[in-house]
$ cat model.txt   # compact mmCIF, C-alpha atoms and all ligand atoms
# COMPACT_ATOMS: atom_id res chain seq x y z
CA MET A 1 0.00 0.00 0.00
CA ILE A 2 2.66 2.49 1.01
CA ARG A 3 5.74 2.41 -1.13
CA LEU A 4 8.75 2.98 1.05
CA ILE A 5 12.40 2.16 1.00
CA SER A 6 13.54 1.13 4.45
CA PRO A 7 14.19 4.32 6.42
CA GLN A 8 17.57 3.02 7.52
CA GLU A 9 18.75 2.46 3.97
CA ASP A 10 21.43 4.84 2.75
CA ILE A 11 20.49 7.06 -0.14
CA PRO A 12 22.74 6.30 -3.12
CA ALA A 13 24.86 9.35 -3.95
CA ALA A 14 23.64 9.38 -7.54
CA PHE A 15 20.12 10.08 -6.33
CA LEU A 16 21.11 13.15 -4.38
CA MET A 17 18.97 16.14 -5.18
CA ASN A 18 17.89 15.18 -8.67
CA ARG A 19 14.30 16.26 -8.18
CA GLY A 20 12.62 19.53 -7.40
CA VAL A 21 11.19 22.78 -8.67
CA VAL A 22 13.21 24.43 -11.41
CA SER A 23 11.01 27.44 -12.01
CA LEU A 24 8.21 29.24 -10.32
CA GLU A 25 6.02 31.93 -11.79
CA LEU A 26 3.39 33.85 -9.84
CA SER A 27 0.74 36.25 -10.98
CA SER A 28 -1.58 38.34 -8.85
CA PHE A 29 -0.36 36.34 -5.86
CA ARG A 30 -0.40 38.40 -2.62
CA SER A 31 2.47 40.95 -2.74
CA TYR A 32 3.51 39.80 -6.23
CA GLU A 33 1.84 41.20 -9.32
CA THR A 34 4.13 38.98 -11.34
CA PHE A 35 7.22 37.16 -10.20
CA MET A 36 9.51 34.59 -11.76
CA LEU A 37 12.26 32.57 -10.16
CA SER A 38 14.58 30.00 -11.68
CA ALA A 39 15.59 27.46 -9.08
CA GLU A 40 18.43 24.97 -8.92
CA LEU A 41 18.22 21.47 -7.52
CA LYS A 42 19.87 22.62 -4.31
CA PRO A 43 18.76 24.03 -0.98
CA ILE A 44 17.26 27.44 -1.76
CA VAL A 45 17.74 30.24 0.72
CA LEU A 46 15.31 33.15 0.46
CA THR A 47 16.34 36.20 2.44
CA GLY A 48 15.16 39.76 2.79
CA PRO A 49 13.58 42.12 5.31
CA ASN A 50 10.24 41.49 7.03
CA GLY A 51 7.29 41.74 4.70
CA VAL A 52 9.33 41.35 1.51
CA GLY A 53 7.39 38.25 0.44
CA LYS A 54 9.43 35.27 1.61
CA THR A 55 6.53 33.40 3.20
CA ASN A 56 4.36 34.31 0.21
CA LEU A 57 6.77 32.38 -2.01
CA LEU A 58 6.69 29.35 0.27
CA GLU A 59 2.92 29.59 0.30
CA ALA A 60 2.91 29.59 -3.50
CA LEU A 61 5.00 26.39 -3.41
CA SER A 62 2.64 24.83 -0.88
CA PHE A 63 -0.10 24.83 -3.52
CA LEU A 64 1.78 22.04 -5.25
CA ILE A 65 -0.04 19.63 -2.94
CA PRO A 66 -3.78 19.34 -2.28
CA GLY A 67 -5.28 21.63 0.31
CA ARG A 68 -5.33 25.26 1.31
CA GLY A 69 -1.61 25.90 1.43
CA LEU A 70 0.61 26.63 4.40
CA ARG A 71 -1.40 29.59 5.63
CA ARG A 72 -4.72 27.77 5.22
CA ALA A 73 -5.92 30.98 3.62
CA LYS A 74 -9.18 31.58 1.85
CA LEU A 75 -8.47 31.49 -1.88
CA ARG A 76 -9.94 34.95 -2.34
CA ASP A 77 -7.51 36.47 0.21
CA ILE A 78 -4.54 35.39 -1.86
CA ARG A 79 -5.44 37.39 -4.95
CA GLN A 80 -3.43 40.59 -4.98
CA GLN A 81 -5.45 43.34 -3.38
CA GLY A 82 -6.87 45.81 -5.83
CA HIS A 83 -6.39 43.43 -8.75
CA GLU A 84 -9.13 41.85 -10.77
CA SER A 85 -7.40 38.86 -12.28
CA PRO A 86 -7.46 35.58 -10.31
CA TRP A 87 -4.18 34.46 -8.78
CA ALA A 88 -2.16 31.78 -10.49
CA VAL A 89 1.10 29.92 -9.98
CA SER A 90 2.91 27.89 -12.55
CA TYR A 91 5.74 25.55 -11.75
CA GLN A 92 8.23 23.56 -13.73
CA LEU A 93 9.61 20.53 -11.94
CA ASN A 94 12.30 18.00 -12.60
CA ASP A 95 11.38 14.49 -11.47
CA GLY A 96 14.84 13.08 -12.02
CA GLU A 97 14.02 11.83 -15.49
CA GLY A 98 12.28 14.69 -17.19
CA TYR A 99 10.28 17.84 -16.76
CA LEU A 100 6.79 18.33 -15.53
CA GLN A 101 4.59 21.40 -15.78
CA ILE A 102 2.04 22.11 -13.07
CA GLY A 103 -0.27 25.09 -12.88
CA THR A 104 -2.76 26.04 -10.20
CA GLY A 105 -4.90 29.02 -9.34
CA GLN A 106 -8.26 30.45 -8.64
CA ASP A 107 -11.10 29.53 -10.97
CA SER A 108 -12.19 32.74 -12.72
CA GLU A 109 -15.85 31.63 -12.56
CA ASN A 110 -15.78 30.45 -8.97
CA PRO A 111 -13.20 32.34 -6.86
CA ASP A 112 -13.52 29.77 -4.04
CA ARG A 113 -12.36 26.94 -6.25
CA ARG A 114 -8.80 26.01 -7.06
CA LEU A 115 -8.04 24.57 -10.45
CA VAL A 116 -5.07 22.35 -11.23
CA LYS A 117 -3.42 21.63 -14.54
CA ILE A 118 -0.79 18.97 -15.02
CA ASN A 119 1.20 19.08 -18.25
CA GLY A 120 -1.48 21.32 -19.73
CA GLU A 121 -4.39 19.03 -18.85
CA LYS A 122 -7.01 19.96 -16.32
CA ALA A 123 -6.89 17.56 -13.35
CA LYS A 124 -10.12 16.01 -12.08
CA SER A 125 -9.45 17.28 -8.58
CA GLN A 126 -6.72 18.80 -6.45
CA GLY A 127 -6.20 15.34 -4.92
CA THR A 128 -4.34 14.36 -8.10
CA LEU A 129 -1.47 16.61 -7.02
CA ALA A 130 -0.55 14.11 -4.29
CA GLU A 131 0.54 11.70 -7.02
CA TRP A 132 3.13 14.17 -8.28
CA VAL A 133 4.44 16.16 -5.36
CA SER A 134 4.78 15.53 -1.63
CA MET A 135 5.69 18.11 0.94
CA VAL A 136 6.53 18.84 4.56
CA TRP A 137 6.73 22.31 5.99
CA LEU A 138 7.53 24.03 9.23
CA THR A 139 6.27 27.55 9.84
CA PRO A 140 6.21 29.87 12.86
CA GLN A 141 2.42 29.32 13.12
CA MET A 142 3.11 25.68 13.90
CA ASP A 143 4.81 26.68 17.17
CA ARG A 144 1.44 26.07 18.80
CA LEU A 145 0.84 22.69 17.18
CA PHE A 146 1.06 20.79 20.48
CA LEU A 147 -0.97 23.35 22.42
CA GLU A 148 -3.94 23.78 20.12
CA GLY A 149 -6.71 21.34 19.18
CA SER A 150 -6.08 17.96 17.62
CA GLN A 151 -7.13 19.10 14.13
CA GLY A 152 -3.78 20.72 13.35
CA ARG A 153 -1.89 17.59 14.40
CA ARG A 154 -4.16 15.38 12.31
CA ARG A 155 -3.68 17.65 9.32
CA PHE A 156 0.08 17.52 9.77
CA LEU A 157 0.01 13.75 9.89
CA ASP A 158 -2.41 13.41 6.99
CA ARG A 159 -0.25 15.56 4.73
CA LEU A 160 2.60 13.21 5.44
CA VAL A 161 0.42 10.15 4.85
CA TYR A 162 -0.83 11.30 1.48
CA GLY A 163 2.68 12.29 0.57
CA LEU A 164 3.50 8.60 0.92
CA ASP A 165 0.20 7.15 -0.19
CA PRO A 166 -1.67 9.49 -2.59
CA ALA A 167 -4.89 7.45 -2.21
CA HIS A 168 -5.12 8.82 1.34
CA ALA A 169 -6.03 12.29 0.01
CA GLN A 170 -9.01 10.85 -1.84
CA ARG A 171 -10.03 8.71 1.13
CA LEU A 172 -9.99 11.75 3.37
CA SER A 173 -12.03 13.80 0.96
CA ARG A 174 -14.70 11.08 0.61
CA TYR A 175 -14.72 10.65 4.38
CA GLU A 176 -15.07 14.37 5.05
CA HIS A 177 -17.82 14.69 2.49
CA ALA A 178 -19.85 11.88 4.09
CA LEU A 179 -19.19 13.31 7.55
CA LYS A 180 -20.54 16.70 6.51
CA GLU A 181 -23.65 15.08 5.04
CA ARG A 182 -24.27 13.00 8.15
CA ASN A 183 -23.94 16.06 10.40
CA LEU A 184 -26.33 17.93 8.17
CA LEU A 185 -28.92 15.16 8.36
CA LEU A 186 -28.56 15.00 12.13
CA ARG A 187 -29.15 18.71 12.44
CA GLN A 188 -32.20 18.54 10.21
CA GLY A 189 -33.64 16.06 12.69
CA SER A 190 -35.61 13.82 10.35
CA TYR A 191 -33.96 11.66 7.74
CA ASP A 192 -34.31 8.56 5.66
CA SER A 193 -32.58 5.84 7.67
CA ARG A 194 -31.26 4.04 4.59
CA TRP A 195 -29.62 7.27 3.45
CA MET A 196 -28.09 7.61 6.91
CA GLU A 197 -26.84 4.01 6.84
CA GLY A 198 -25.27 4.62 3.43
CA LEU A 199 -23.35 7.60 4.75
CA GLU A 200 -22.22 5.69 7.83
CA GLU A 201 -21.04 2.88 5.57
CA ILE A 202 -18.79 5.37 3.75
CA LEU A 203 -17.46 6.59 7.11
CA ILE A 204 -16.48 3.02 7.97
CA ASN A 205 -15.18 2.02 4.55
CA GLU A 206 -12.95 5.08 4.38
CA GLY A 207 -12.37 5.54 8.11
CA VAL A 208 -10.71 2.20 8.82
CA PRO A 209 -8.13 2.49 5.99
CA ILE A 210 -7.52 6.12 6.99
CA THR A 211 -6.65 4.96 10.49
CA LEU A 212 -4.52 2.05 9.29
CA ALA A 213 -2.58 4.28 6.88
CA ARG A 214 -1.93 6.83 9.61
CA GLN A 215 -0.72 4.12 11.98
CA GLU A 216 1.57 2.67 9.33
CA VAL A 217 3.17 6.05 8.73
CA ILE A 218 3.66 6.69 12.44
CA LEU A 219 5.46 3.37 12.65
CA GLN A 220 7.73 4.35 9.76
CA LEU A 221 8.32 7.76 11.30
CA GLN A 222 9.24 6.19 14.60
CA GLY A 223 11.81 4.08 12.75
CA VAL A 224 13.42 7.17 11.23
CA LEU A 225 13.37 9.10 14.52
CA LYS A 226 15.46 6.35 16.12
CA THR A 227 18.26 6.94 13.64
CA GLN A 228 18.11 10.73 13.72
CA ASP A 229 21.08 12.97 14.59
CA PRO A 230 21.41 12.96 18.41
CA SER A 231 21.18 16.77 18.50
CA PHE A 232 17.48 16.38 17.67
CA PRO A 233 15.20 14.85 20.31
CA ARG A 234 13.64 11.48 19.52
CA PRO A 235 10.02 11.73 20.56
CA HIS A 236 7.69 8.81 20.90
CA LEU A 237 4.62 9.09 18.67
CA SER A 238 1.28 7.38 18.80
CA LEU A 239 -2.21 7.79 17.42
CA GLN A 240 -5.02 7.80 19.93
CA GLY A 241 -8.73 7.50 19.49
CA GLU A 242 -11.65 5.16 19.71
CA VAL A 243 -11.11 3.63 16.26
CA GLU A 244 -7.44 3.01 17.07
CA THR A 245 -8.39 1.26 20.31
CA LEU A 246 -10.94 -0.88 18.49
CA LEU A 247 -8.41 -1.86 15.83
CA GLN A 248 -5.90 -2.71 18.52
CA VAL A 249 -8.10 -5.22 20.28
CA GLN A 250 -9.96 -6.67 17.29
CA LYS A 251 -9.21 -7.79 13.77
CA SER A 252 -10.15 -5.16 11.26
CA LEU A 253 -13.32 -6.94 10.08
CA ASP A 254 -14.67 -7.33 13.61
CA ALA A 255 -13.62 -3.79 14.36
CA GLU A 256 -15.62 -2.59 11.36
CA GLU A 257 -18.71 -4.39 12.59
CA GLU A 258 -18.28 -2.96 16.07
CA LEU A 259 -17.74 0.50 14.62
CA ARG A 260 -20.88 0.20 12.47
CA GLN A 261 -22.87 -0.62 15.59
CA ARG A 262 -21.35 2.14 17.69
CA ILE A 263 -21.92 4.80 15.03
CA ALA A 264 -25.52 3.74 14.61
CA ASP A 265 -25.98 3.78 18.39
CA SER A 266 -24.55 7.29 18.61
CA ARG A 267 -27.22 8.87 16.38
CA GLY A 268 -29.36 10.01 19.30
CA HIS A 269 -26.43 11.63 21.06
CA ASP A 270 -25.03 13.10 17.84
CA ARG A 271 -28.39 14.59 16.95
CA MET A 272 -28.22 16.74 20.07
CA THR A 273 -24.75 18.06 19.34
CA GLY A 274 -25.19 18.09 15.55
CA ARG A 275 -21.78 16.42 15.21
CA THR A 276 -20.49 12.92 14.66
CA SER A 277 -18.75 11.88 17.87
CA LEU A 278 -16.91 8.80 16.65
CA GLY A 279 -14.39 8.30 13.88
CA PRO A 280 -10.86 9.12 12.70
CA HIS A 281 -11.77 12.83 12.60
CA GLN A 282 -11.50 12.63 16.40
CA SER A 283 -8.09 10.94 16.58
CA ASP A 284 -5.05 12.68 17.96
CA LEU A 285 -1.35 12.40 17.39
CA MET A 286 0.28 12.03 20.80
CA VAL A 287 3.88 13.14 21.15
CA ILE A 288 5.99 12.25 24.18
CA PHE A 289 9.30 13.92 24.95
CA PRO A 290 11.54 10.96 25.74
CA GLN A 291 14.06 12.32 28.27
CA LYS A 292 11.33 13.38 30.66
CA ASN A 293 8.59 11.02 29.54
CA GLN A 294 6.43 14.09 29.23
CA GLN A 295 3.66 15.07 26.83
CA ALA A 296 4.78 17.62 24.26
CA ALA A 297 2.09 20.07 25.38
CA LEU A 298 3.72 20.25 28.83
CA CYS A 299 7.23 20.82 27.49
CA SER A 300 8.92 24.22 27.41
CA THR A 301 8.56 26.36 24.29
CA GLY A 302 12.15 25.55 23.31
CA GLU A 303 11.61 21.83 23.82
CA GLN A 304 8.43 21.94 21.73
CA LYS A 305 10.26 23.66 18.89
CA ALA A 306 13.00 21.05 18.99
CA LEU A 307 10.42 18.24 19.00
CA LEU A 308 8.61 19.73 16.06
CA LEU A 309 11.77 20.23 14.04
CA SER A 310 12.77 16.69 14.82
CA ILE A 311 9.41 15.30 13.61
CA VAL A 312 9.49 17.51 10.52
CA MET A 313 13.00 16.37 9.59
CA ALA A 314 12.09 12.73 10.14
CA SER A 315 9.00 13.24 7.97
CA ALA A 316 11.17 14.86 5.30
CA HIS A 317 13.51 11.89 5.43
CA LEU A 318 10.59 9.51 4.95
CA LEU A 319 9.35 11.44 1.94
CA SER A 320 12.81 11.73 0.46
CA VAL A 321 13.51 8.00 0.50
CA ARG A 322 10.26 6.95 -1.09
CA THR A 323 10.08 6.71 -4.82
CA GLY A 324 7.31 8.39 -6.73
CA ALA A 325 6.23 11.95 -5.99
CA ILE A 326 8.74 14.79 -5.99
CA PRO A 327 9.40 15.70 -2.34
CA LEU A 328 9.85 19.26 -1.11
CA LEU A 329 10.71 20.67 2.31
CA LEU A 330 9.75 24.24 3.27
CA LEU A 331 11.32 25.75 6.38
CA ASP A 332 9.98 29.21 7.17
CA GLU A 333 12.04 31.25 9.66
CA VAL A 334 13.34 28.12 11.33
CA VAL A 335 17.05 28.79 11.37
CA ALA A 336 17.05 32.03 13.38
CA HIS A 337 15.90 30.18 16.50
CA LEU A 338 18.60 27.55 16.48
CA ASP A 339 21.99 27.73 18.16
CA LYS A 340 25.09 27.18 16.00
CA ASP A 341 25.38 23.43 16.64
CA ARG A 342 21.73 22.68 15.93
CA ARG A 343 21.90 24.86 12.82
CA LYS A 344 24.87 22.89 11.59
CA ALA A 345 23.11 19.60 12.28
CA LEU A 346 20.05 20.88 10.42
CA PHE A 347 22.05 21.94 7.34
CA GLU A 348 23.84 18.60 7.30
CA ALA A 349 20.53 16.77 7.50
CA ILE A 350 19.16 18.92 4.65
CA LEU A 351 22.16 18.19 2.45
CA ARG A 352 21.76 14.47 3.07
CA LEU A 353 18.14 14.51 1.88
CA ASN A 354 17.19 13.80 -1.70
CA MET A 355 14.79 16.64 -1.39
CA GLN A 356 14.85 20.24 -2.46
CA THR A 357 14.62 22.40 0.66
CA TRP A 358 13.42 25.99 0.67
CA LEU A 359 14.56 28.07 3.64
CA THR A 360 13.76 31.64 4.65
CA GLY A 361 15.39 34.10 7.01
CA THR A 362 16.03 37.80 7.30
CA ASP A 363 19.78 37.51 7.27
CA GLN A 364 22.03 35.65 4.85
CA SER A 365 24.74 35.26 7.48
CA LEU A 366 22.59 32.66 9.28
CA PHE A 367 23.06 30.38 6.31
CA GLU A 368 26.79 30.79 5.75
CA GLU A 369 27.45 27.06 6.27
CA LEU A 370 25.37 26.47 3.12
CA GLU A 371 27.51 28.76 1.01
CA GLY A 372 28.64 27.02 -2.16
CA GLN A 373 26.02 24.34 -1.65
CA GLY A 374 22.82 26.31 -1.87
CA GLN A 375 21.17 28.88 -4.12
CA PHE A 376 20.88 32.23 -2.37
CA VAL A 377 18.08 34.56 -3.40
CA GLU A 378 17.89 38.01 -1.87
CA LEU A 379 14.41 39.44 -2.27
CA GLY A 380 14.31 43.20 -2.73
CA ARG A 381 12.30 45.66 -0.74
CA THR A 382 8.90 46.37 -2.20
CA ASP A 383 8.45 49.72 -0.43
N1 LIG B 1 -3.69 39.61 -1.01
C1 LIG B 1 -2.61 40.41 -0.87
N2 LIG B 1 -2.42 41.43 -1.74
C2 LIG B 1 -1.34 42.24 -1.62
N3 LIG B 1 -0.41 42.10 -0.68
C3 LIG B 1 -0.53 41.10 0.21
C4 LIG B 1 -1.65 40.21 0.17
N4 LIG B 1 -1.51 39.32 1.17
C5 LIG B 1 -0.38 39.64 1.81
N5 LIG B 1 0.21 40.71 1.25
C6 LIG B 1 1.47 41.38 1.64
O1 LIG B 1 2.53 40.45 1.66
C7 LIG B 1 3.48 40.91 2.61
C8 LIG B 1 3.90 39.76 3.52
O2 LIG B 1 4.68 38.96 2.83
P1 LIG B 1 5.38 37.76 3.58
O3 LIG B 1 5.72 36.81 2.53
O4 LIG B 1 4.57 37.27 4.73
O5 LIG B 1 6.67 38.48 4.15
P2 LIG B 1 7.98 37.87 4.79
O6 LIG B 1 9.07 38.17 3.81
O7 LIG B 1 8.17 38.60 6.07
O8 LIG B 1 7.76 36.43 4.97
C9 LIG B 1 2.82 41.93 3.48
O9 LIG B 1 3.39 43.18 3.20
C10 LIG B 1 1.39 41.86 3.09
O10 LIG B 1 0.77 43.10 3.19
MG MG B 2 7.54 35.34 6.71
$ encode --input "model.txt" --output "structure tokens"
Amino acid sequence: MIRLISPQEDIPAAFLMNRGVVSLELSSFRSYETFMLSAELKPIVLTGPNGVGKTNLLEALSFLIPGRGLRRAKLRDIRQQGHESPWAVSYQLNDGEGYLQIGTGQDSENPDRRLVKINGEKAKSQGTLAEWVSMVWLTPQMDRLFLEGSQGRRRFLDRLVYGLDPAHAQRLSRYEHALKERNLLLRQGSYDSRWMEGLEEILINEGVPITLARQEVILQLQGVLKTQDPSFPRPHLSLQGEVETLLQVQKSLDAEEELRQRIADSRGHDRMTGRTSLGPHQSDLMVIFPQKNQQAALCSTGEQKALLLSIVMASAHLLSVRTGAIPLLLLDEVVAHLDKDRRKALFEAILRLNMQTWLTGTDQSLFEELEGQGQFVELGRTD
């Protein structure tokens, strides 16, 4: 199901950095009316003062995978203010064997819809992107990942899962669609019970594989974390929720039957809240800081940042060793918070990955260890 090379396996030197984005063109995208960048298959360092548009460029790259991008913005907020034309990004990528052209942007007829074109052909849905590109990112907004609700952690994990197993993106979208419909029926109060059963069947048919795929990836991630540079912490990860517990104690077929019963039994309760109380949309990624055997949420801010970076780098490693989609790593303002030793360890880890990494920072001097090995782009002031 999930195509992976063993995480411990060394990456053959010939594979190093042969895939990535080679050009990026934006139009009517936030601070950029038009912008074009030619990129090399190297770590790319974007520097410039606050507000110059560094994160905007990473955001533009984040639309190479399904979803709402790294800011989770509304599509209409991305269009350059005061401009009429819909925003668009076009990318040229090298997949190690040849070139690939991807375009995405706002639908001119429906500004809340994102269209995707792959090699000039309109894709059926955004989900198709997961077959071509996979991505991990770390942004300052994620500093609160362990403190906020479980949704952000699930999203983080799911991005990684569909990076490894593109079918996961479609599963999630069918699951979420059925979930929305069920909640709607519950709120309406009266419904056709066969219609309800049909929706619950979708929740089970998609929900169990969603859970299994997430668990499989956590297992793989745990394997990579064990071999990680000792300057990064090695957290213990697990997925917790009712479906996970059911799958743990029963074979998946029995678990499905039990789940079917429990969901049906929960209708009365769910009708009062208007929400489905059981399913993988309630699961949570638990992260334990090993040295202290402490939950990530209780760790200090610095410890949480280190944990997050460690998980992100392990995720990047997983993506980089799999064959298939072109992996990308986006690190927004990460380097400024690291001491010299951690920074060095991070750069070394980046250079070992077969994965184009995009880094941002205000000051080029923070990246001097990458000199000669990375492409440095200084973005000019716009004011
Ligand atoms: N829809 C938009 N239209 C025009 N400008 C925008 C839009 N959205 C954001 N911006 C501008 O983009 C700039 C922020 O760019 P950003 O990439 O976050 O900067 P940084 O280099 O600090 O990461 C801000 O000046 C903001 O006003
Ligand atoms: Mg920024």
$ closest_residue --input "model.txt" --among "A:Tyr191, A:Ala349, A:Leu318, A:His269" --to "A:Pro230" --atoms "all atoms listed in the file"
A:Ala349
$ residues_near_ligand --input "model.txt" --ligand "ligand LIG 1 (chain B)" --cutoff "8 Å" --atoms "only C-alpha atoms and all ligand atoms" --output "ChimeraX atom specification"
/A:28-32,47-58,76-82,332,360,362
$ residues_around --input "model.txt" --residues "stretch 172-176 of chain A" --least-positions-apart "5" --cutoff "8 Å" --atoms "only C-alpha atoms" --output "PDB file with C-alpha atoms, keeping the file's coordinate frame"
ATOM      1  CA  ILE A 202     -18.790   5.370   3.750  1.00  0.00           C
ATOM      2  CA  LEU A 203     -17.460   6.590   7.110  1.00  0.00           C
ATOM      3  CA  GLU A 206     -12.950   5.080   4.380  1.00  0.00           C
ATOM      4  CA  GLY A 207     -12.370   5.540   8.110  1.00  0.00           C
ATOM      5  CA  ILE A 210      -7.520   6.120   6.990  1.00  0.00           C
TER       6      ILE A 210
END
$ closest_residue --input "model.txt" --among "A:Gln228, A:Ser38, A:Ser190, A:Asn205" --to "A:Gly268" --atoms "all atoms listed in the file"
A:Ser190
$ closest_residue --input "model.txt" --among "A:Glu25, A:Arg153, A:Arg171, A:Phe146" --to "A:Gln282" --atoms "only C-alpha atoms"
A:Arg153
$ closest_residue --input "model.txt" --among "A:Thr139, A:Ser27, A:Ser90, A:Asn110" --to "ligand MG 2 (chain B)" --atoms "all atoms listed in the file"
A:Thr139
$ atom_distance --input "model.txt" --atom1 "atom CA of A:Glu59" --atom2 "atom MG of ligand MG 2 (chain B)"
9.8 Å
$ atom_distance --input "model.txt" --atom1 "atom CA of A:Gly96" --atom2 "atom CA of A:Ser134"
14.7 Å
$ closest_residue --input "model.txt" --among "A:Ala296, A:Met355, A:Leu64, A:Leu330" --to "ligand MG 2 (chain B)" --atoms "all atoms listed in the file"
A:Leu330
$ atom_distance --input "model.txt" --atom1 "atom CA of A:Tyr99" --atom2 "atom CA of A:Val22"
9.0 Å
$ residues_around --input "model.txt" --residues "A:Ala130" --least-positions-apart "6" --cutoff "7 Å" --atoms "all atoms listed in the file" --output "PyMOL selection string"
chain A and resi 65-66+162-163+166
$ closest_residue --input "model.txt" --among "A:Gln222, A:Arg113, A:Val334, A:Ala39" --to "ligand MG 2 (chain B)" --atoms "all atoms listed in the file"
A:Val334
$ residues_near_point --input "model.txt" --point "(-1.6, 19.7, 15.6)" --cutoff "12 Å" --atoms "all atoms listed in the file" --output "ChimeraX atom specification"
/A:138,141-159,283-287,296-297,304,308
$ axis_aligned_box --input "model.txt" --around "stretch 336-350 of chain A" --padding-each-side "8 Å" --output "AutoDock Vina command-line options"
--center_x 20.6 --center_y 24.4 --center_z 11.4 --size_x 25.5 --size_y 31.3 --size_z 29.5
$ residues_around --input "model.txt" --residues "A:Arg343" --least-positions-apart "4" --cutoff "10 Å" --atoms "only C-alpha atoms" --output "PyMOL selection string"
chain A and resi 231+334-339+347-349+366-367+369
$ residues_around --input "model.txt" --residues "A:Ser23" --least-positions-apart "4" --cutoff "8 Å" --atoms "all atoms listed in the file" --output "list in words"
Met36, Leu37, Ser38, Ala39, Tyr91, Gln92 and Leu93 of chain A
$ residues_around --input "model.txt" --residues "A:Leu212" --least-positions-apart "6" --cutoff "12 Å" --atoms "all atoms listed in the file" --output "list in words"
Met1, Ile2, Asp158, Val161, Asp165, His168, Arg171, Asn205, Glu206, Ile218, Leu219, Leu239, Val243, Glu244, Thr245, Leu246, Leu247, Gln248, Lys251, Ser252, Ala255 and Pro280 of chain A
